[in-house]
Amino acid sequence: MATQEKVIKVINLVKKFGSFVANDHLTFDVFRGEIFGFLGANGAGKTTAIRILCGLSYPTSGEVTIDGLDIYRQREQIKKRIGYMSQRFSLYDDLTLGENIRFYAGVYGLSREDIRQRTAALVDKLELHAIEKKLIRELPPGWKQKLAFSVATIHQPGIVFLDEPTSGVDPITRRQFWEMIYDKAGEGMTVFVTTHYMDEAEYCGRVSIMSEGKIHALDTPAQLISKYNVRNMDEVFLRIARNIEAV
Amino acid sequence: MAESAVVTENLSKHFGAVKALDDISFKIGKGELFGFIGPDGAGKTTLFRILTTLLLPDGGKATVEGFDTVSEYRQIRRISGYMPGKFSLYHDLSVEENLRFFATIFGTTVSENIHLVQDLYSQIEPFRKRKAGKLSGGMKQKLALCCALIHQPVILFLDEPTTGVDAVSRKEFWEMLNRLRRQQITILVSTPYMDEAGRCDRVALMQSGKIMTIDTPQGIRQQFRKKILAVKGRDMFGLMKILEGFPEIERSYLFGQSLHVTGVSEALTADDLSARLRQQQAPDFRVEEITPDIEDCFIDLTATRE
């Protein structure tokens, strides 16, 4: 669960593409063990910010540290300490589960012995013995995202970035996925997640809502709901995004 | 239902060992706004590709406006508008070039039919010289819909138009569809978002290549015979763990701020459940009986089938 330790620190982050300002002075912190919901309309600048936080792109200006590491000078170390999973890029369909794990764990520099042990632990925990040797494409669609999450965290990163991890997933699997998120956060992992399902926004410790490159709200779901005097996060989101458009 | 716009009989399609569509039969009336609701892998795209004559079924048959999807595919193509899930616009053409392209391949002109899409097109007209690839998500969607409508189709197939789209843009898209309905066009739309079911006249809930049920959204809610108790509290995951240990509970699932709980027996009341939770020293919580929404019904239907 969330602690007081700031694991992501962002101060005045700006990212420009030519004259277009994709991230306009973002300032926020994320605490260790927190489930942080990073919400916003399409084109609000979420993906740009996530790419910077993951060390895949440099900011135009501003300060960012991830787990105490500087985003300008220590990108390679940052990459080792984070996990990443999205709806579009998760597991390789034409590899088995075991091969996917070996590939990802290998990329993260785990030893053969570590890979063997963690694969066995995962197979035991999720009771995957029957499917361990099957190609990912042969598995029911619901399994893939849950397995992708396990694989993305196989190197036990301090922070995991989940970019629309439940998009197109069936209602039962979507909920099981959030139970997995809660378990990981319970173990102290920081979860940074984006979603278009507003019921899932309710499950986050805190959420930020971005529009047109800026963060317009950042608080716990309960506080946001009470501040905007609405019933749920769906209405908070509508209120913020529509009001901005009206300006 | 007066006349049918779409009829399928025992439609099936396999890809290797995967049954993408498994014996699907239904009828859609003219002028209906009909939703196919289901997750990835339910068979929605395969069904749309068969109905738009882009894919041959392995078994069964389908007609669109009375035309057979296999032997009369030319006629169907002329009267259908299709917005596929992924690709539908040429990113290196401008807004107006895309529109002109789609008008031309259907043997018409933009000026002849622009009145059909005026409402939509006026919103993207200020950007008519801009390349489609440079448009925002919402703008691309509006242009794609304009392009699907420019040849005056009588039936429109929209394959997951709102997937990956934010909650505000999704609502706006459905408002656009509602305005389109005044033109008497039949609309088939697929979506993984259960909350969009309520926007349709009728919906089919799909999972793993099968249709689990077809009805009006209201009808589907009424088919759900079980009592649902909503549990609210500060620590929802804590409450969920407690509820998992109760043998008298069949299922409990998170729905935003509340847990939706069904009992093994219908006799389980909100008061019973409150008493049980108090016994376990659950921290401040509230239990009330509620009416199901479509997602409850979907979960119940999938769980029952498994």
# chains A, B, ... in the order shown; residues from 1 in each chain; ligands from 1

$ select_by_dssp --residues "range 59-226 of chain B" --states "alpha helix (DSSP H)" --output "JSON, numbers by chain"
{"B": [73, 74, 75, 76, 77, 78, 79, 95, 96, 97, 98, 99, 100, 101, 102, 103, 104, 105, 110, 111, 112, 113, 118, 119, 120, 121, 122, 123, 124, 137, 138, 139, 140, 141, 142, 143, 144, 145, 146, 147, 148, 149, 167, 168, 169, 170, 171, 172, 173, 174, 175, 176, 177, 178, 179, 180, 217, 218, 219, 220, 221, 222, 223]}

$ interface_residues --of "chain A" --to "chain B" --cutoff "6 Å" --atoms "only C-alpha atoms" --output "NGL selection string"
:A and (41-42 or 168-170 or 196 or 199 or 202 or 238)

$ write_last_selection --atoms "N, CA, C and O atoms" --output "compact mmCIF listing (two decimals), in the first residue's frame"
# COMPACT_ATOMS: atom_id res chain seq x y z
N ALA A 41 -8.24 12.63 -21.73
CA ALA A 41 -8.86 12.42 -23.03
C ALA A 41 -7.80 11.99 -24.03
O ALA A 41 -6.60 12.12 -23.78
N ASN A 42 -8.24 11.44 -25.17
CA ASN A 42 -7.30 11.09 -26.23
C ASN A 42 -6.55 12.34 -26.66
O ASN A 42 -7.14 13.40 -26.82
N GLY A 168 -10.66 -3.89 -24.05
CA GLY A 168 -11.21 -5.01 -24.82
C GLY A 168 -11.27 -6.33 -24.06
O GLY A 168 -11.57 -7.37 -24.63
N VAL A 169 -10.99 -6.30 -22.75
CA VAL A 169 -10.96 -7.52 -21.95
C VAL A 169 -12.36 -7.78 -21.38
O VAL A 169 -13.09 -6.85 -21.07
N ASP A 170 -12.72 -9.06 -21.23
CA ASP A 170 -14.07 -9.37 -20.74
C ASP A 170 -14.25 -8.94 -19.28
O ASP A 170 -13.26 -8.80 -18.55
N HIS A 196 -9.54 3.73 -19.89
CA HIS A 196 -10.73 4.47 -20.31
C HIS A 196 -11.98 3.95 -19.60
O HIS A 196 -13.08 4.42 -19.86
N ASP A 199 -14.98 3.00 -14.15
CA ASP A 199 -15.13 2.24 -12.90
C ASP A 199 -13.74 1.89 -12.35
O ASP A 199 -13.54 1.84 -11.14
N GLU A 202 -12.02 4.35 -10.09
CA GLU A 202 -12.42 4.30 -8.67
C GLU A 202 -11.47 3.42 -7.85
O GLU A 202 -11.41 3.55 -6.63
N LEU A 238 -16.17 13.64 -17.04
CA LEU A 238 -17.00 14.42 -17.98
C LEU A 238 -16.96 15.90 -17.63
O LEU A 238 -16.83 16.75 -18.50

$ residues_around --residues "range 7-18 of chain A" --least-positions-apart "2" --cutoff "8 Å" --atoms "only C-alpha atoms" --output "MDAnalysis selection string"
chainID A and resid 5 20:32 48 59:68 190

$ closest_atom_pairs --of "range 179-250 of chain B" --to "range 48-67 of chain B" --cutoff "10 Å" --atoms "only C-alpha atoms" --output "JSON lines"
{"residue": "B:Thr186", "atom": "CA", "partner": "B:Glu65", "partner_atom": "CA", "distance": 10.0}
{"residue": "B:Leu188", "atom": "CA", "partner": "B:Phe48", "partner_atom": "CA", "distance": 8.7}
{"residue": "B:Val189", "atom": "CA", "partner": "B:Phe48", "partner_atom": "CA", "distance": 9.1}
{"residue": "B:Ser190", "atom": "CA", "partner": "B:Phe48", "partner_atom": "CA", "distance": 8.7}

$ write_last_selection --atoms "all heavy atoms" --output "compact mmCIF listing (two decimals), in the first residue's frame"
# COMPACT_ATOMS: atom_id res chain seq x y z
N THR B 186 -30.13 1.73 -41.12
CA THR B 186 -29.90 0.64 -40.17
C THR B 186 -28.45 0.70 -39.71
O THR B 186 -27.56 0.85 -40.54
CB THR B 186 -30.15 -0.73 -40.84
OG1 THR B 186 -31.46 -0.72 -41.41
CG2 THR B 186 -30.02 -1.88 -39.86
N LEU B 188 -25.43 -1.22 -37.45
CA LEU B 188 -24.88 -2.30 -36.63
C LEU B 188 -23.57 -1.79 -36.04
O LEU B 188 -22.69 -1.33 -36.77
CB LEU B 188 -24.58 -3.54 -37.48
CG LEU B 188 -25.74 -4.49 -37.79
CD1 LEU B 188 -26.75 -3.80 -38.68
CD2 LEU B 188 -25.23 -5.75 -38.43
N VAL B 189 -23.45 -1.87 -34.74
CA VAL B 189 -22.25 -1.35 -34.09
C VAL B 189 -21.73 -2.38 -33.09
O VAL B 189 -22.52 -3.05 -32.43
CB VAL B 189 -22.54 0.03 -33.44
CG1 VAL B 189 -23.65 -0.06 -32.42
CG2 VAL B 189 -21.31 0.64 -32.80
N SER B 190 -20.41 -2.55 -33.04
CA SER B 190 -19.86 -3.48 -32.05
C SER B 190 -19.03 -2.70 -31.04
O SER B 190 -18.48 -1.63 -31.35
CB SER B 190 -18.98 -4.53 -32.74
OG SER B 190 -17.80 -3.94 -33.23

$ closest_residue --among "B:Glu97, B:Asp159, B:Glu250, B:Glu289" --to "Met83 in chain B" --atoms "only C-alpha atoms"
B:Asp159

$ select_by_dssp --residues "range 123-266 of chain B" --states "strand (DSSP E or B)" --output "PyMOL selection string"
chain B and resi 131+155-159+186-191+202-207+210-215+228-233+249-255+258-263

$ decode --residues "range 79-109 of chain A" --atoms "N, CA, C and O atoms" --output "PDB file, in the first residue's frame"
ATOM      1  N   LYS A  79      15.447   1.938 -16.734  1.00  0.00           N
ATOM      2  CA  LYS A  79      14.756   0.879 -17.488  1.00  0.00           C
ATOM      3  C   LYS A  79      14.807  -0.465 -16.764  1.00  0.00           C
ATOM      4  O   LYS A  79      13.905  -1.276 -16.879  1.00  0.00           O
ATOM      5  N   LYS A  80      15.909  -0.703 -16.019  1.00  0.00           N
ATOM      6  CA  LYS A  80      16.028  -1.972 -15.298  1.00  0.00           C
ATOM      7  C   LYS A  80      15.065  -2.062 -14.120  1.00  0.00           C
ATOM      8  O   LYS A  80      14.734  -3.143 -13.669  1.00  0.00           O
ATOM      9  N   ARG A  81      14.660  -0.893 -13.618  1.00  0.00           N
ATOM     10  CA  ARG A  81      13.844  -0.908 -12.391  1.00  0.00           C
ATOM     11  C   ARG A  81      12.354  -0.792 -12.657  1.00  0.00           C
ATOM     12  O   ARG A  81      11.559  -0.712 -11.726  1.00  0.00           O
ATOM     13  N   ILE A  82      11.979  -0.693 -13.906  1.00  0.00           N
ATOM     14  CA  ILE A  82      10.548  -0.545 -14.193  1.00  0.00           C
ATOM     15  C   ILE A  82      10.053  -1.706 -15.045  1.00  0.00           C
ATOM     16  O   ILE A  82      10.829  -2.406 -15.693  1.00  0.00           O
ATOM     17  N   GLY A  83       8.731  -1.896 -15.008  1.00  0.00           N
ATOM     18  CA  GLY A  83       8.082  -2.846 -15.908  1.00  0.00           C
ATOM     19  C   GLY A  83       7.103  -2.069 -16.763  1.00  0.00           C
ATOM     20  O   GLY A  83       6.657  -0.978 -16.368  1.00  0.00           O
ATOM     21  N   TYR A  84       6.785  -2.601 -17.934  1.00  0.00           N
ATOM     22  CA  TYR A  84       5.856  -1.897 -18.825  1.00  0.00           C
ATOM     23  C   TYR A  84       4.970  -2.892 -19.543  1.00  0.00           C
ATOM     24  O   TYR A  84       5.437  -3.934 -20.006  1.00  0.00           O
ATOM     25  N   MET A  85       3.697  -2.578 -19.604  1.00  0.00           N
ATOM     26  CA  MET A  85       2.775  -3.431 -20.341  1.00  0.00           C
ATOM     27  C   MET A  85       1.672  -2.565 -20.919  1.00  0.00           C
ATOM     28  O   MET A  85       1.214  -1.617 -20.294  1.00  0.00           O
ATOM     29  N   SER A  86       1.270  -2.867 -22.154  1.00  0.00           N
ATOM     30  CA  SER A  86       0.141  -2.139 -22.728  1.00  0.00           C
ATOM     31  C   SER A  86      -0.780  -3.126 -23.408  1.00  0.00           C
ATOM     32  O   SER A  86      -0.466  -4.307 -23.535  1.00  0.00           O
ATOM     33  N   GLN A  87      -1.919  -2.622 -23.844  1.00  0.00           N
ATOM     34  CA  GLN A  87      -2.872  -3.487 -24.524  1.00  0.00           C
ATOM     35  C   GLN A  87      -2.288  -3.939 -25.855  1.00  0.00           C
ATOM     36  O   GLN A  87      -2.440  -5.076 -26.270  1.00  0.00           O
ATOM     37  N   ARG A  88      -1.585  -3.030 -26.526  1.00  0.00           N
ATOM     38  CA  ARG A  88      -1.089  -3.339 -27.866  1.00  0.00           C
ATOM     39  C   ARG A  88       0.164  -4.206 -27.844  1.00  0.00           C
ATOM     40  O   ARG A  88       0.386  -5.033 -28.687  1.00  0.00           O
ATOM     41  N   PHE A  89       1.010  -3.966 -26.850  1.00  0.00           N
ATOM     42  CA  PHE A  89       2.266  -4.700 -26.820  1.00  0.00           C
ATOM     43  C   PHE A  89       2.353  -5.475 -25.521  1.00  0.00           C
ATOM     44  O   PHE A  89       2.586  -4.913 -24.469  1.00  0.00           O
ATOM     45  N   SER A  90       2.116  -6.760 -25.578  1.00  0.00           N
ATOM     46  CA  SER A  90       2.231  -7.512 -24.335  1.00  0.00           C
ATOM     47  C   SER A  90       3.079  -8.759 -24.545  1.00  0.00           C
ATOM     48  O   SER A  90       4.280  -8.723 -24.367  1.00  0.00           O
ATOM     49  N   LEU A  91       2.467  -9.866 -24.964  1.00  0.00           N
ATOM     50  CA  LEU A  91       3.234 -11.092 -25.128  1.00  0.00           C
ATOM     51  C   LEU A  91       3.388 -11.436 -26.605  1.00  0.00           C
ATOM     52  O   LEU A  91       2.582 -11.019 -27.429  1.00  0.00           O
ATOM     53  N   TYR A  92       4.408 -12.220 -26.916  1.00  0.00           N
ATOM     54  CA  TYR A  92       4.588 -12.700 -28.293  1.00  0.00           C
ATOM     55  C   TYR A  92       3.698 -13.910 -28.514  1.00  0.00           C
ATOM     56  O   TYR A  92       3.828 -14.928 -27.839  1.00  0.00           O
ATOM     57  N   ASP A  93       2.780 -13.779 -29.484  1.00  0.00           N
ATOM     58  CA  ASP A  93       1.785 -14.798 -29.786  1.00  0.00           C
ATOM     59  C   ASP A  93       2.387 -16.129 -30.219  1.00  0.00           C
ATOM     60  O   ASP A  93       1.802 -17.176 -29.989  1.00  0.00           O
ATOM     61  N   ASP A  94       3.532 -16.049 -30.910  1.00  0.00           N
ATOM     62  CA  ASP A  94       4.093 -17.260 -31.494  1.00  0.00           C
ATOM     63  C   ASP A  94       5.196 -17.860 -30.625  1.00  0.00           C
ATOM     64  O   ASP A  94       5.975 -18.687 -31.069  1.00  0.00           O
ATOM     65  N   LEU A  95       5.254 -17.408 -29.374  1.00  0.00           N
ATOM     66  CA  LEU A  95       6.123 -18.056 -28.390  1.00  0.00           C
ATOM     67  C   LEU A  95       5.227 -18.672 -27.317  1.00  0.00           C
ATOM     68  O   LEU A  95       4.094 -18.239 -27.131  1.00  0.00           O
ATOM     69  N   THR A  96       5.767 -19.668 -26.600  1.00  0.00           N
ATOM     70  CA  THR A  96       5.014 -20.219 -25.472  1.00  0.00           C
ATOM     71  C   THR A  96       5.154 -19.263 -24.287  1.00  0.00           C
ATOM     72  O   THR A  96       5.958 -18.325 -24.325  1.00  0.00           O
ATOM     73  N   LEU A  97       4.386 -19.552 -23.247  1.00  0.00           N
ATOM     74  CA  LEU A  97       4.487 -18.732 -22.040  1.00  0.00           C
ATOM     75  C   LEU A  97       5.917 -18.794 -21.492  1.00  0.00           C
ATOM     76  O   LEU A  97       6.509 -17.767 -21.162  1.00  0.00           O
ATOM     77  N   GLY A  98       6.452 -20.021 -21.403  1.00  0.00           N
ATOM     78  CA  GLY A  98       7.804 -20.190 -20.882  1.00  0.00           C
ATOM     79  C   GLY A  98       8.829 -19.409 -21.693  1.00  0.00           C
ATOM     80  O   GLY A  98       9.724 -18.772 -21.135  1.00  0.00           O
ATOM     81  N   GLU A  99       8.665 -19.426 -23.030  1.00  0.00           N
ATOM     82  CA  GLU A  99       9.599 -18.702 -23.895  1.00  0.00           C
ATOM     83  C   GLU A  99       9.464 -17.189 -23.722  1.00  0.00           C
ATOM     84  O   GLU A  99      10.450 -16.457 -23.725  1.00  0.00           O
ATOM     85  N   ASN A 100       8.222 -16.725 -23.550  1.00  0.00           N
ATOM     86  CA  ASN A 100       8.013 -15.299 -23.293  1.00  0.00           C
ATOM     87  C   ASN A 100       8.721 -14.874 -22.008  1.00  0.00           C
ATOM     88  O   ASN A 100       9.389 -13.843 -21.973  1.00  0.00           O
ATOM     89  N   ILE A 101       8.565 -15.681 -20.982  1.00  0.00           N
ATOM     90  CA  ILE A 101       9.200 -15.343 -19.702  1.00  0.00           C
ATOM     91  C   ILE A 101      10.722 -15.302 -19.876  1.00  0.00           C
ATOM     92  O   ILE A 101      11.385 -14.369 -19.435  1.00  0.00           O
ATOM     93  N   ARG A 102      11.252 -16.337 -20.568  1.00  0.00           N
ATOM     94  CA  ARG A 102      12.697 -16.402 -20.757  1.00  0.00           C
ATOM     95  C   ARG A 102      13.205 -15.184 -21.527  1.00  0.00           C
ATOM     96  O   ARG A 102      14.234 -14.606 -21.214  1.00  0.00           O
ATOM     97  N   PHE A 103      12.419 -14.789 -22.540  1.00  0.00           N
ATOM     98  CA  PHE A 103      12.811 -13.634 -23.347  1.00  0.00           C
ATOM     99  C   PHE A 103      12.846 -12.364 -22.493  1.00  0.00           C
ATOM    100  O   PHE A 103      13.836 -11.651 -22.445  1.00  0.00           O
ATOM    101  N   TYR A 104      11.728 -12.093 -21.781  1.00  0.00           N
ATOM    102  CA  TYR A 104      11.649 -10.852 -21.000  1.00  0.00           C
ATOM    103  C   TYR A 104      12.677 -10.849 -19.868  1.00  0.00           C
ATOM    104  O   TYR A 104      13.368  -9.854 -19.645  1.00  0.00           O
ATOM    105  N   ALA A 105      12.753 -11.973 -19.166  1.00  0.00           N
ATOM    106  CA  ALA A 105      13.681 -12.031 -18.041  1.00  0.00           C
ATOM    107  C   ALA A 105      15.108 -11.885 -18.538  1.00  0.00           C
ATOM    108  O   ALA A 105      15.941 -11.246 -17.901  1.00  0.00           O
ATOM    109  N   GLY A 106      15.379 -12.449 -19.716  1.00  0.00           N
ATOM    110  CA  GLY A 106      16.702 -12.322 -20.326  1.00  0.00           C
ATOM    111  C   GLY A 106      17.020 -10.877 -20.662  1.00  0.00           C
ATOM    112  O   GLY A 106      18.115 -10.389 -20.394  1.00  0.00           O
ATOM    113  N   VAL A 107      16.047 -10.174 -21.222  1.00  0.00           N
ATOM    114  CA  VAL A 107      16.227  -8.755 -21.549  1.00  0.00           C
ATOM    115  C   VAL A 107      16.594  -7.972 -20.285  1.00  0.00           C
ATOM    116  O   VAL A 107      17.426  -7.073 -20.303  1.00  0.00           O
ATOM    117  N   TYR A 108      15.973  -8.356 -19.170  1.00  0.00           N
ATOM    118  CA  TYR A 108      16.237  -7.655 -17.918  1.00  0.00           C
ATOM    119  C   TYR A 108      17.463  -8.203 -17.197  1.00  0.00           C
ATOM    120  O   TYR A 108      17.738  -7.828 -16.058  1.00  0.00           O
ATOM    121  N   GLY A 109      18.174  -9.132 -17.834  1.00  0.00           N
ATOM    122  CA  GLY A 109      19.451  -9.575 -17.297  1.00  0.00           C
ATOM    123  C   GLY A 109      19.370 -10.540 -16.127  1.00  0.00           C
ATOM    124  O   GLY A 109      20.311 -10.662 -15.343  1.00  0.00           O
TER     125      GLY A 109
END
